[in-house]
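The structure appears right after this line, and notes come after that.
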Amino acid sequence: MGKRPNLFFIGPTGAGKSTIGKQVAEHFKMEFLDLDQQIEARTGAEVAHIFDLEGEAGFRRRESDMLARLSRRKGIVLATGGGAVLDPRNQKLLRARGVVVYLKTPVELQLDRLSRDKRRPLLRDPNRQEVLSAMAEARNPIYEMLADVIVPAQSGSVRRSAQRVIRKLKDTSHGFT
């Protein structure tokens with residue numbers, strides 16, 4: 001059959017894109033990549049530092065460049081950053097170059113999962129619920145529009161969540177068996 005199509009995980013911060021993506025990649029024997037980690041490896045700087053030096057616009061340029069580079073590959077599982085979908089060029093790349101999996105996650109679950117996280121630059125605001133709600137309002141319609149597969153996030157085992165994604169992928173016509 002050859003290599004499977006790329007799988008792109010999208011969704012808000014704290015949805016589990018990287019954690020679940022790794023398990024899905026392992027199941028299908030595909031290479032897993034995390035967009036933010038790839039940017040950090042290329043620049044030698046953490047995402048938060050890039051935000052501090054270049055602002056969000058500078059980071060988003062780097063993110064788009066890295067997405068364009070990585071999405072040319074074949075047979076990868078890529079966890080995108082929550083805001084990668086904001087650029088219309090990125091939206092086109094995701095749709096054209098793979099199967100898009102949206103991990104639909106309510107703000108309450110994000111708050112629970114991110115309660116101790118201090119690394120994410122957009123969550124430095126003390127009112128995280130307000131920030132996450134505003135992001136959800138702006139981004140959720142884009143996630144919905146881009147998704148080939150939507151899997152509602154649930155609290156609990158990562159393994160069970162990954163299994164739900166795998167079942168959904170097997171139920172589609174995208175070549176995952």
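Simple scheme: letters A, B, ... for chains in structure tokens order, numbers from 1 for residues in each chain, numbers from 1 for ligands in the order shown.
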
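Omitting Val24 (chain A) and its sequence neighbours fewer than 2 positions away, and counting only C-alpha atoms, the residues within 10 Å are Leu7, Ser18, Thr19, Ile20, Gly21, Lys22, Glu26, His27, Phe28, Lys29, Met30, Glu31, Phe32, Val77, Arg159, Ser161, Ala162, Gln163, Arg164, Val165, Ile166 and Leu169 of chain A.
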
For this session: Please identify all polymer residues within 12 Å of region 129-143 of chain A, counting only C-alpha atoms, omitting same-chain residues fewer than 3 positions from it, and present them as a PyMOL selection string.
Result: chain A and resi 8-15+80-88+90-92+94-95+100-112+114-115+120-126+146-151

Problem set entry | Per-residue DSSP, chain A, filtered to helix (DSSP H, G or I), as a PyMOL selection string | chain A and resi 17-28+35-43+47-71+84-86+88-97+107-113+121-123+128-146+158-170

For this session: Please run DSSP on the backbone and report, as number ranges by chain, all residues within region 46-134 of chain A that come out as strand (DSSP E or B).
Result: A: 76-79, 99-104

Residue subset to file, keeping N, CA, C and O atoms, as an mmCIF file, in the first residue's frame:
```cif
data_model
loop_
_atom_site.group_PDB
_atom_site.id
_atom_site.type_symbol
_atom_site.label_atom_id
_atom_site.label_comp_id
_atom_site.auth_asym_id
_atom_site.auth_seq_id
_atom_site.Cartn_x
_atom_site.Cartn_y
_atom_site.Cartn_z
ATOM 1 N N ILE A 76 3.749 11.140 7.923
ATOM 2 C CA ILE A 76 4.074 11.606 9.267
ATOM 3 C C ILE A 76 2.808 11.904 10.063
ATOM 4 O O ILE A 76 1.741 12.120 9.490
ATOM 5 N N VAL A 77 2.953 11.906 11.375
ATOM 6 C CA VAL A 77 1.926 12.406 12.285
ATOM 7 C C VAL A 77 2.508 13.687 12.866
ATOM 8 O O VAL A 77 3.592 13.661 13.456
ATOM 9 N N LEU A 78 1.812 14.798 12.661
ATOM 10 C CA LEU A 78 2.311 16.095 13.111
ATOM 11 C C LEU A 78 1.321 16.746 14.057
ATOM 12 O O LEU A 78 0.156 16.959 13.710
ATOM 13 N N ALA A 79 1.797 17.049 15.266
ATOM 14 C CA ALA A 79 1.004 17.819 16.224
ATOM 15 C C ALA A 79 1.304 19.289 15.973
ATOM 16 O O ALA A 79 2.450 19.723 16.095
ATOM 17 N N VAL A 99 -4.565 14.219 6.374
ATOM 18 C CA VAL A 99 -5.838 14.037 7.060
ATOM 19 C C VAL A 99 -5.755 14.851 8.351
ATOM 20 O O VAL A 99 -4.805 14.722 9.125
ATOM 21 N N VAL A 100 -6.750 15.697 8.565
ATOM 22 C CA VAL A 100 -6.750 16.602 9.711
ATOM 23 C C VAL A 100 -7.646 16.035 10.815
ATOM 24 O O VAL A 100 -8.833 15.806 10.599
ATOM 25 N N VAL A 101 -7.034 15.823 11.977
ATOM 26 C CA VAL A 101 -7.735 15.286 13.147
ATOM 27 C C VAL A 101 -7.864 16.409 14.174
ATOM 28 O O VAL A 101 -6.861 16.947 14.651
ATOM 29 N N TYR A 102 -9.096 16.743 14.506
ATOM 30 C CA TYR A 102 -9.378 17.800 15.482
ATOM 31 C C TYR A 102 -9.728 17.169 16.812
ATOM 32 O O TYR A 102 -10.701 16.431 16.926
ATOM 33 N N LEU A 103 -8.926 17.471 17.834
ATOM 34 C CA LEU A 103 -9.218 17.037 19.195
ATOM 35 C C LEU A 103 -10.026 18.154 19.854
ATOM 36 O O LEU A 103 -9.481 19.149 20.332
ATOM 37 N N LYS A 104 -11.323 17.987 19.833
ATOM 38 C CA LYS A 104 -12.258 19.000 20.321
ATOM 39 C C LYS A 104 -12.249 18.976 21.850
ATOM 40 O O LYS A 104 -12.604 17.970 22.468
#
```

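Counting from CA of Ala57 (chain A), the distance to CA of Arg42 (chain A) is 17.7 Å.
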
Problem set entry | Selection near region 59-65 of chain A, 8 Å with only C-alpha atoms, sequence-local residues under 2 positions removed, as a count of residues only | 17
